[in-house]
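A.B. asks: You'll find protein12.txt just under this line, and it carries compact mmCIF, C-alpha atoms.
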```txt
# COMPACT_ATOMS: atom_id res chain seq x y z
CA MET O 1 0.00 0.00 0.00
CA GLN O 2 1.23 3.49 -0.84
CA SER O 3 1.80 5.84 2.09
CA ILE O 4 3.23 8.89 0.33
CA GLN O 5 3.30 10.16 -3.24
CA SER O 6 6.34 11.25 -5.22
CA ASN O 7 5.85 13.86 -7.95
CA ALA O 8 8.60 16.20 -9.13
CA LEU O 9 7.63 19.87 -9.23
CA GLU O 10 10.84 21.41 -10.57
CA PRO O 11 10.25 23.56 -13.65
CA THR O 12 11.30 22.04 -16.95
CA PRO O 13 13.46 23.92 -19.52
CA ALA O 14 10.36 24.25 -21.71
CA GLU O 15 8.48 25.96 -18.87
CA LEU O 16 11.34 28.39 -18.21
CA LYS O 17 11.77 29.27 -21.86
CA GLY O 18 10.48 32.72 -22.68
CA LEU O 19 10.16 33.84 -19.05
CA SER O 20 11.81 37.01 -17.84
CA THR O 21 14.76 36.84 -15.45
CA GLY O 22 12.52 37.80 -12.55
CA GLU O 23 9.98 35.10 -13.38
CA LYS O 24 12.74 32.52 -13.75
CA LEU O 25 14.06 33.42 -10.31
CA LYS O 26 10.58 33.06 -8.84
CA ARG O 27 10.25 29.60 -10.37
CA LEU O 28 13.74 28.50 -9.32
CA LEU O 29 13.67 29.93 -5.78
CA PRO O 30 11.52 27.09 -4.38
CA VAL O 31 13.78 24.57 -6.10
CA TYR O 32 17.01 25.89 -4.59
CA GLY O 33 15.58 27.77 -1.62
CA LEU O 34 16.89 25.29 0.93
CA VAL O 35 20.33 25.30 -0.71
CA ILE O 36 20.42 29.10 -0.52
CA LEU O 37 19.28 29.00 3.11
CA THR O 38 22.06 26.52 3.93
CA VAL O 39 24.71 28.76 2.38
CA LEU O 40 23.33 31.80 4.21
CA LEU O 41 23.42 29.95 7.55
CA ILE O 42 27.04 28.96 6.97
CA LEU O 43 27.99 32.54 6.11
CA VAL O 44 26.11 34.05 9.06
CA PHE O 45 27.57 31.61 11.59
CA SER O 46 31.05 32.01 10.09
CA VAL O 47 30.86 35.79 10.61
CA LEU O 48 29.25 35.75 14.05
CA LEU O 49 31.29 32.81 15.34
CA SER O 50 34.53 33.46 13.48
CA ASP O 51 36.68 31.83 16.17
CA THR O 52 34.84 28.50 16.35
CA PHE O 53 32.49 27.86 13.42
CA PRO O 54 34.65 28.21 10.26
CA THR O 55 37.30 25.83 11.61
CA LEU O 56 38.51 22.38 10.64
CA LEU O 57 37.74 21.16 14.15
CA ASN O 58 34.09 22.18 13.80
CA LEU O 59 33.88 20.53 10.37
CA ARG O 60 35.27 17.31 11.79
CA SER O 61 32.80 17.45 14.66
CA ILE O 62 29.82 17.98 12.32
CA ILE O 63 30.86 15.11 10.04
CA ALA O 64 31.50 12.75 12.95
CA ASN O 65 28.20 13.58 14.67
CA LYS O 66 25.91 13.54 11.62
CA THR O 67 27.24 10.57 9.64
CA ILE O 68 24.75 8.15 11.17
CA ILE O 69 21.84 10.49 10.50
CA ALA O 70 22.99 11.01 6.90
CA ILE O 71 23.14 7.26 6.21
CA LEU O 72 19.76 6.67 7.86
CA SER O 73 18.28 9.54 5.82
CA LEU O 74 19.51 7.86 2.65
CA ALA O 75 18.05 4.60 3.91
CA ALA O 76 14.66 6.27 4.51
CA MET O 77 14.82 8.00 1.12
CA ILE O 78 14.82 4.76 -0.91
CA PRO O 79 11.37 3.47 0.16
CA MET O 80 10.07 7.06 0.03
CA ALA O 81 10.98 7.14 -3.66
CA CYS O 82 8.53 4.24 -4.06
CA GLY O 83 5.87 6.07 -2.06
CA ARG O 84 6.47 4.04 1.11
CA ILE O 85 8.00 4.80 4.49
CA ASP O 86 10.36 2.72 6.62
CA LEU O 87 10.37 3.34 10.37
CA THR O 88 12.58 0.35 11.17
CA ILE O 89 15.66 2.42 10.36
CA GLY O 90 15.47 3.99 13.82
CA TYR O 91 14.61 0.79 15.68
CA GLY O 92 16.93 -1.45 13.69
CA ILE O 93 20.04 0.57 14.45
CA VAL O 94 19.50 -0.21 18.14
CA LEU O 95 19.79 -3.97 17.53
CA TRP O 96 22.40 -3.78 14.76
CA HIS O 97 24.97 -1.84 16.79
CA ILE O 98 24.46 -4.19 19.73
CA LEU O 99 24.88 -7.29 17.57
CA ALA O 100 27.95 -5.88 15.84
CA ILE O 101 29.63 -5.85 19.25
CA SER O 102 28.08 -8.89 20.94
CA LEU O 103 28.86 -11.22 18.01
CA GLN O 104 32.52 -10.39 18.56
CA THR O 105 32.66 -10.23 22.35
CA MET O 106 30.22 -13.05 23.19
CA LEU O 107 30.57 -15.47 20.27
CA GLY O 108 34.13 -14.61 19.30
CA LEU O 109 33.38 -14.04 15.62
CA PRO O 110 36.00 -12.17 13.57
CA TRP O 111 34.89 -8.61 13.00
CA PRO O 112 34.42 -8.94 9.19
CA LEU O 113 32.13 -11.95 9.76
CA ALA O 114 30.22 -10.13 12.50
CA VAL O 115 29.69 -7.16 10.17
CA ALA O 116 28.55 -9.48 7.37
CA VAL O 117 26.02 -11.17 9.67
CA VAL O 118 24.58 -7.79 10.72
CA LEU O 119 24.26 -6.68 7.08
CA VAL O 120 22.48 -9.92 6.15
CA LEU O 121 20.09 -9.51 9.07
CA GLY O 122 19.40 -5.95 7.95
CA ALA O 123 18.59 -7.21 4.45
CA LEU O 124 16.29 -9.92 5.85
CA THR O 125 14.47 -7.32 7.94
CA GLY O 126 13.96 -5.23 4.82
CA LEU O 127 12.68 -8.31 3.00
CA LEU O 128 10.18 -8.92 5.81
CA ASN O 129 8.99 -5.32 5.62
CA GLY O 130 8.61 -5.58 1.86
CA LEU O 131 6.55 -8.76 2.13
CA LEU O 132 4.31 -7.24 4.79
CA VAL O 133 3.69 -4.18 2.64
CA GLU O 134 3.41 -5.76 -0.81
CA VAL O 135 2.10 -9.27 -0.10
CA ALA O 136 0.12 -8.78 3.12
CA LYS O 137 -0.96 -5.30 1.89
CA ILE O 138 -0.32 -3.60 5.24
CA ASP O 139 0.31 0.14 5.13
CA SER O 140 4.06 0.70 5.26
CA PHE O 141 3.82 3.04 8.26
CA ILE O 142 2.00 0.41 10.34
CA ALA O 143 4.03 -2.53 9.05
CA THR O 144 7.44 -0.98 9.72
CA LEU O 145 6.32 0.43 13.07
CA GLY O 146 5.32 -3.09 14.13
CA THR O 147 8.52 -4.65 12.81
CA GLY O 148 10.63 -1.95 14.42
CA THR O 149 8.94 -2.41 17.79
CA VAL O 150 9.64 -6.15 17.66
CA ILE O 151 13.29 -5.48 16.76
CA TYR O 152 13.60 -3.06 19.67
CA ALA O 153 12.10 -5.67 22.01
CA ILE O 154 14.67 -8.21 20.79
CA ALA O 155 17.44 -5.70 21.54
CA LEU O 156 16.13 -5.24 25.08
CA TRP O 157 15.90 -9.00 25.57
CA HIS O 158 19.37 -9.61 24.17
CA THR O 159 21.05 -7.07 26.45
CA GLY O 160 18.85 -7.65 29.49
CA GLY O 161 18.92 -3.89 29.99
CA ARG O 162 22.70 -3.93 30.43
CA GLN O 163 25.55 -2.57 28.34
CA VAL O 164 27.42 -4.92 26.00
CA VAL O 165 31.13 -4.30 26.45
CA GLY O 166 34.34 -6.05 25.54
CA VAL O 167 37.68 -5.69 23.80
CA LEU O 168 37.16 -4.93 20.12
CA PRO O 169 39.82 -5.40 17.40
CA ASP O 170 41.58 -2.40 15.93
CA GLY O 171 40.26 -3.18 12.45
CA PHE O 172 36.68 -2.81 13.63
CA LEU O 173 37.41 0.42 15.52
CA ALA O 174 39.14 1.81 12.42
CA LEU O 175 35.85 1.64 10.49
CA ASN O 176 34.83 4.83 12.26
CA GLY O 177 38.03 6.13 13.80
CA THR O 178 40.21 6.55 10.72
CA MET O 179 41.01 10.02 9.39
CA LEU O 180 41.35 10.61 5.65
CA PHE O 181 42.68 13.91 4.28
CA GLY O 182 42.24 15.35 7.75
CA LEU O 183 38.54 14.44 7.93
CA PRO O 184 36.66 11.49 9.48
CA ILE O 185 36.47 8.61 7.01
CA THR O 186 32.75 8.25 7.72
CA GLY O 187 32.13 11.42 5.71
CA PHE O 188 33.63 9.70 2.67
CA TYR O 189 31.37 6.70 3.27
CA VAL O 190 28.37 9.00 3.06
CA LEU O 191 29.70 10.70 -0.08
CA ALA O 192 30.31 7.34 -1.77
CA LEU O 193 26.81 6.08 -0.87
CA ALA O 194 25.25 9.32 -2.09
CA ILE O 195 27.04 9.14 -5.45
CA VAL O 196 26.05 5.51 -5.99
CA LEU O 197 22.39 6.17 -5.13
CA TRP O 198 22.38 9.30 -7.30
CA ILE O 199 23.64 7.36 -10.31
CA VAL O 200 21.16 4.54 -9.73
CA LEU O 201 18.13 6.79 -9.24
CA GLU O 202 18.88 9.43 -11.86
CA TYR O 203 20.69 7.60 -14.66
CA LEU O 204 19.70 3.93 -14.57
CA PRO O 205 16.36 2.39 -15.59
CA ILE O 206 15.80 1.12 -12.05
CA GLY O 207 15.66 4.74 -10.85
CA ARG O 208 13.03 5.69 -13.40
CA TYR O 209 10.98 2.63 -12.43
CA VAL O 210 11.21 3.50 -8.73
CA TYR O 211 10.10 7.09 -9.29
CA ALA O 212 7.29 5.93 -11.58
CA ILE O 213 6.07 3.64 -8.79
CA GLY O 214 6.24 6.50 -6.32
CA ALA O 215 4.22 8.77 -8.61
CA ASN O 216 1.52 6.27 -9.58
CA PRO O 217 1.94 2.56 -8.75
CA LYS O 218 -1.13 1.51 -10.72
CA ALA O 219 0.07 3.26 -13.87
CA ALA O 220 3.54 1.79 -13.34
CA ALA O 221 2.08 -1.73 -13.12
CA LEU O 222 0.01 -1.17 -16.27
CA ASN O 223 3.21 -0.18 -18.06
CA GLY O 224 4.82 -3.50 -17.19
CA ILE O 225 6.93 -2.40 -14.20
CA PRO O 226 7.13 -5.18 -11.56
CA VAL O 227 5.98 -2.96 -8.69
CA ARG O 228 6.13 -5.63 -6.00
CA ARG O 229 9.71 -6.60 -6.86
CA PHE O 230 11.00 -3.03 -6.83
CA VAL O 231 9.24 -2.06 -3.60
CA ILE O 232 10.57 -5.13 -1.81
CA GLY O 233 14.02 -4.33 -3.20
CA ALA O 234 13.74 -0.78 -1.86
CA PHE O 235 12.99 -2.07 1.64
CA ILE O 236 15.92 -4.50 1.43
CA ALA O 237 18.27 -1.67 0.43
CA SER O 238 16.93 0.44 3.29
CA GLY O 239 17.53 -2.42 5.73
CA VAL O 240 21.11 -2.87 4.55
CA LEU O 241 21.90 0.84 4.92
CA SER O 242 20.35 0.82 8.39
CA ALA O 243 22.65 -2.08 9.28
CA VAL O 244 25.65 -0.15 7.90
CA ALA O 245 24.73 2.75 10.17
CA GLY O 246 24.49 0.34 13.10
CA VAL O 247 27.96 -1.06 12.43
CA LEU O 248 29.47 2.43 12.27
CA LEU O 249 27.66 3.42 15.46
CA ALA O 250 29.09 0.37 17.22
CA SER O 251 32.58 1.22 16.00
CA ARG O 252 32.14 4.75 17.29
CA LEU O 253 30.60 4.01 20.71
CA ARG O 254 32.55 0.77 21.38
CA ILE O 255 29.71 -0.36 23.63
CA GLY O 256 26.21 -1.60 22.89
CA GLN O 257 23.15 -0.42 24.77
CA ALA O 258 19.45 -0.49 23.95
CA SER O 259 18.97 3.11 25.09
CA VAL O 260 20.96 4.37 22.09
CA GLY O 261 19.59 4.60 18.57
CA LEU O 262 15.98 5.70 18.69
CA GLU O 263 17.00 9.35 18.88
CA TYR O 264 18.26 9.07 15.29
CA LEU O 265 14.84 8.22 13.85
CA LEU O 266 13.25 11.69 13.76
CA PRO O 267 16.30 13.59 12.40
CA ALA O 268 16.77 10.92 9.73
CA LEU O 269 13.14 11.16 8.62
CA VAL O 270 13.31 14.97 8.71
CA GLY O 271 16.44 14.89 6.55
CA ALA O 272 14.79 12.58 4.01
CA PHE O 273 11.62 14.66 3.95
CA LEU O 274 13.59 17.88 3.54
CA GLY O 275 15.19 16.19 0.55
CA SER O 276 11.80 16.17 -1.16
CA THR O 277 11.50 19.95 -0.86
CA THR O 278 14.68 21.02 -2.66
CA ILE O 279 16.60 20.34 -5.89
CA LYS O 280 13.58 18.37 -7.16
CA PRO O 281 10.67 19.58 -5.02
CA GLY O 282 7.90 17.04 -4.63
CA ARG O 283 10.23 14.08 -5.15
CA VAL O 284 12.78 12.64 -2.74
CA ASN O 285 16.27 12.84 -4.21
CA VAL O 286 19.80 12.15 -3.06
CA TRP O 287 21.32 15.62 -3.10
CA GLY O 288 18.18 17.14 -1.64
CA THR O 289 18.47 14.67 1.22
CA MET O 290 22.12 15.61 1.71
CA ILE O 291 21.15 19.31 1.82
CA GLY O 292 18.47 18.45 4.37
CA VAL O 293 21.01 16.74 6.62
CA ILE O 294 23.56 19.53 6.15
CA ILE O 295 21.16 22.33 7.07
CA LEU O 296 20.16 20.45 10.22
CA ALA O 297 23.81 19.87 11.13
CA VAL O 298 24.91 23.45 10.41
CA GLY O 299 21.95 25.07 12.15
CA ILE O 300 22.20 22.98 15.28
CA ALA O 301 26.00 23.35 15.51
CA GLY O 302 25.79 27.12 15.11
CA ILE O 303 23.01 27.61 17.63
CA GLN O 304 24.74 25.38 20.17
CA GLN O 305 27.93 27.41 19.82
CA PHE O 306 25.85 30.47 20.66
CA GLY O 307 25.06 28.73 23.95
CA GLY O 308 21.75 27.15 23.01
CA SER O 309 20.14 24.85 25.58
CA PHE O 310 19.48 21.11 25.32
CA PHE O 311 16.12 21.65 23.64
CA VAL O 312 17.70 23.45 20.65
CA GLU O 313 18.09 20.35 18.47
CA PRO O 314 14.45 19.13 18.47
CA LEU O 315 13.25 22.73 18.20
CA PHE O 316 15.43 23.40 15.16
CA ASN O 317 14.40 20.10 13.57
CA GLY O 318 10.74 21.05 13.89
CA VAL O 319 11.13 24.65 12.68
CA THR O 320 13.22 23.56 9.69
CA LEU O 321 10.62 20.98 8.77
CA LEU O 322 7.89 23.64 8.82
CA VAL O 323 10.00 25.96 6.66
CA ALA O 324 10.60 23.15 4.20
CA ILE O 325 6.87 22.41 4.01
CA GLY O 326 6.26 26.09 3.28
CA ILE O 327 8.84 26.07 0.47
CA ALA O 328 7.32 22.93 -1.03
CA GLY O 329 3.81 24.41 -0.81
CA TYR O 330 4.96 27.58 -2.53
CA ALA O 331 6.55 25.52 -5.32
CA GLN O 332 3.32 23.60 -5.85
CA ARG O 333 1.24 26.78 -5.93
CA ARG O 334 3.60 28.34 -8.46
CA ARG O 335 3.43 25.20 -10.59
CA GLY O 336 -0.37 25.24 -10.44
CA ALA O 337 -0.52 28.94 -11.29
CA ALA O 338 1.78 28.42 -14.27
CA GLY O 339 -0.41 25.59 -15.52
CA ALA O 340 -3.56 27.68 -15.11
CA ILE O 341 -2.27 30.53 -17.31
CA LYS O 342 -0.75 28.29 -19.97
CA PRO O 343 -1.90 29.50 -23.43
CA LYS O 344 -4.60 27.51 -25.13
CA GLY O 345 -3.14 24.74 -27.26
CA ALA O 346 0.13 24.55 -25.32
CA SER O 347 1.29 21.05 -24.64
CA GLY O 348 0.90 19.73 -21.11
CA GLU O 349 3.11 16.77 -21.88
CA ALA O 350 6.04 17.99 -19.82
CA ALA O 351 3.94 18.36 -16.69
CA GLY O 352 2.23 15.03 -17.14
CA LYS O 353 5.24 12.81 -17.58
CA PRO O 354 6.59 11.01 -14.53
CA SER O 355 10.15 12.03 -13.88
```
Show how you would write the structure in this file as structure tokens.
C.D. replies:
Amino acid sequence: MQSIQSNALEPTPAELKGLSTGEKLKRLLPVYGLVILTVLLILVFSVLLSDTFPTLLNLRSIIANKTIIAILSLAAMIPMACGRIDLTIGYGIVLWHILAISLQTMLGLPWPLAVAVVLVLGALTGLLNGLLVEVAKIDSFIATLGTGTVIYAIALWHTGGRQVVGVLPDGFLALNGTMLFGLPITGFYVLALAIVLWIVLEYLPIGRYVYAIGANPKAAALNGIPVRRFVIGAFIASGVLSAVAGVLLASRLRIGQASVGLEYLLPALVGAFLGSTTIKPGRVNVWGTMIGVIILAVGIAGIQQFGGSFFVEPLFNGVTLLVAIGIAGYAQRRRGAAGAIKPKGASGEAAGKPS
């Protein structure tokens, strides 16, 4: 069952042709509004906090702290492209980071094997979610909420409410602790994942099929696209990325505890949703998601350096989400207004095609 709809609202070259510079700016502002806001925030904080914000130390801190959220946002983005939502990304990371440690400390598995087991379990969880949504026809929000709650219960049972600790090999700790070109290596993981997903979604047939399903699953099925297969595959990919985030979290924390992980769910979903309001408004996309994560990271870091209290992060997440919704609504109204004044006989083909 479809939970959300994916329809791109960015103006096409044909729609921009013939418009004045002012009109073009009005049409493009909603598309790149969040990007512009991100740049402005960076400039403002760099001027007002010149001693702390525009520093390599601050950049390292932001990358190290937001890597997990960025990966989970990408994980959430994939089912969203199909018009579904996956809540297990926030619950799964609780169990995955615990297992990544306990498989090594309790069962004595080599760290590469332990990581492989966690990734396979993440894929199987995604497969289960896909079957519940596409075969059992349960709404993805309800299905993944139920699956995630069960996973969280398993994490509590496995730990017994205690921390999982032990001596971990250097190779496992290096997954998160290595520096590359003076920056945390986890930032390069995110960049590599983003590039791969961008190529798949924007330049390969599978990406066009996924977006077609997100726009109109019935029309996609009538055009011969195997909707069930692609939706299940999207949930599997989401599960694997969630497991990757869990492994990196385990390498970073070096202990496993069931009280850690759930706090990543809301920021990850906000980042993915923000991604549908910029670059290609109305459609989740990779670089939009990255901008969503960056603006959250930059805004929160800057406000905290001003001396913001503990409630700053959830407050900023909520306000940014509302601003993004406003930008997306403005884009849709502009698109509707442009369609309403289109001269008689003009082709509506560009607006009607799924992108």
A.B. asks: Could you tell me how far atom CA of Val115 of chain O lies from atom CA of Val94 of chain O, in Å and to one decimal?
C.D. replies: 14.7 Å
A.B. asks: Could you please determine the separation between atom CA of Ile291 of chain O and atom CA of Met80 of chain O in Å, to one decimal place?
C.D. replies: 16.6 Å
A.B. asks: Skipping near chain neighbours, those fewer than 3 positions away, what residues fall within 7 Å of Leu269 of chain O using all atoms listed in the file, listed as an MDAnalysis selection string?
C.D. replies: chainID O and resid 73 76 265:266 272:273
A.B. asks: Convert the current residue selection to file output with C-alpha atoms, as a JSON list (two decimals), in the coordinates of the input.
C.D. replies:
```
[["chain", "number", "residue", "atom", "x", "y", "z"],
["O", 73, "SER", "CA", 18.28, 9.54, 5.82],
["O", 76, "ALA", "CA", 14.66, 6.27, 4.51],
["O", 265, "LEU", "CA", 14.84, 8.22, 13.85],
["O", 266, "LEU", "CA", 13.25, 11.69, 13.76],
["O", 272, "ALA", "CA", 14.79, 12.58, 4.01],
["O", 273, "PHE", "CA", 11.62, 14.66, 3.95]]
```
A.B. asks: When you count only C-alpha atoms, which of these residues is closest to Ala64 of chain O: O:Thr320, O:Gly302, O:Ile213, O:Gly187?
C.D. replies: O:Gly187
A.B. asks: One decimal, Å: what's the distance from atom CA of Trp111 of chain O over to atom CA of Ser251 of chain O, could you say?
C.D. replies: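 Between atom CA of Trp111 of chain O and atom CA of Ser251 of chain O the gap is 10.5 Å.
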A.B. asks: Since the input lacks atoms, please generate N, CA, C and O atoms for segment 111-128 of chain O and provide them as a tab-separated table (two decimals), keeping the file's coordinate frame.
C.D. replies:
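Below is the file that was written, result_19.tsv:
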```tsv
chain	number	residue	atom	x	y	z
O	111	TRP	N	35.71	-9.78	13.25
O	111	TRP	CA	34.89	-8.61	13.00
O	111	TRP	C	34.32	-8.54	11.57
O	111	TRP	O	33.18	-8.11	11.40
O	112	PRO	N	35.06	-8.97	10.53
O	112	PRO	CA	34.42	-8.94	9.19
O	112	PRO	C	33.20	-9.85	9.11
O	112	PRO	O	32.19	-9.50	8.47
O	113	LEU	N	33.27	-11.03	9.76
O	113	LEU	CA	32.13	-11.95	9.76
O	113	LEU	C	30.96	-11.37	10.56
O	113	LEU	O	29.80	-11.49	10.15
O	114	ALA	N	31.28	-10.75	11.69
O	114	ALA	CA	30.22	-10.13	12.50
O	114	ALA	C	29.51	-9.04	11.71
O	114	ALA	O	28.28	-8.93	11.73
O	115	VAL	N	30.28	-8.22	10.99
O	115	VAL	CA	29.69	-7.16	10.17
O	115	VAL	C	28.82	-7.76	9.07
O	115	VAL	O	27.71	-7.28	8.81
O	116	ALA	N	29.32	-8.83	8.44
O	116	ALA	CA	28.55	-9.48	7.37
O	116	ALA	C	27.23	-10.03	7.89
O	116	ALA	O	26.19	-9.91	7.23
O	117	VAL	N	27.25	-10.62	9.08
O	117	VAL	CA	26.02	-11.17	9.67
O	117	VAL	C	25.01	-10.05	9.92
O	117	VAL	O	23.81	-10.19	9.63
O	118	VAL	N	25.48	-8.92	10.45
O	118	VAL	CA	24.58	-7.79	10.72
O	118	VAL	C	23.98	-7.27	9.42
O	118	VAL	O	22.77	-6.97	9.35
O	119	LEU	N	24.78	-7.17	8.37
O	119	LEU	CA	24.26	-6.68	7.08
O	119	LEU	C	23.22	-7.63	6.51
O	119	LEU	O	22.20	-7.19	5.95
O	120	VAL	N	23.46	-8.93	6.64
O	120	VAL	CA	22.48	-9.92	6.15
O	120	VAL	C	21.18	-9.82	6.94
O	120	VAL	O	20.08	-9.86	6.36
O	121	LEU	N	21.29	-9.66	8.25
O	121	LEU	CA	20.09	-9.51	9.07
O	121	LEU	C	19.33	-8.24	8.71
O	121	LEU	O	18.09	-8.22	8.71
O	122	GLY	N	20.06	-7.18	8.40
O	122	GLY	CA	19.40	-5.95	7.95
O	122	GLY	C	18.64	-6.16	6.65
O	122	GLY	O	17.51	-5.69	6.49
O	123	ALA	N	19.26	-6.91	5.72
O	123	ALA	CA	18.59	-7.21	4.45
O	123	ALA	C	17.35	-8.07	4.67
O	123	ALA	O	16.31	-7.85	4.04
O	124	LEU	N	17.45	-9.05	5.57
O	124	LEU	CA	16.29	-9.92	5.85
O	124	LEU	C	15.15	-9.13	6.49
O	124	LEU	O	13.97	-9.39	6.22
O	125	THR	N	15.50	-8.18	7.34
O	125	THR	CA	14.47	-7.32	7.94
O	125	THR	C	13.77	-6.50	6.87
O	125	THR	O	12.54	-6.34	6.87
O	126	GLY	N	14.56	-5.97	5.93
O	126	GLY	CA	13.96	-5.23	4.82
O	126	GLY	C	13.07	-6.11	3.97
O	126	GLY	O	12.00	-5.68	3.52
O	127	LEU	N	13.50	-7.36	3.76
O	127	LEU	CA	12.68	-8.31	3.00
O	127	LEU	C	11.36	-8.55	3.71
O	127	LEU	O	10.29	-8.58	3.07
O	128	LEU	N	11.40	-8.72	5.03
O	128	LEU	CA	10.18	-8.92	5.81
O	128	LEU	C	9.25	-7.72	5.66
O	128	LEU	O	8.03	-7.87	5.46
```
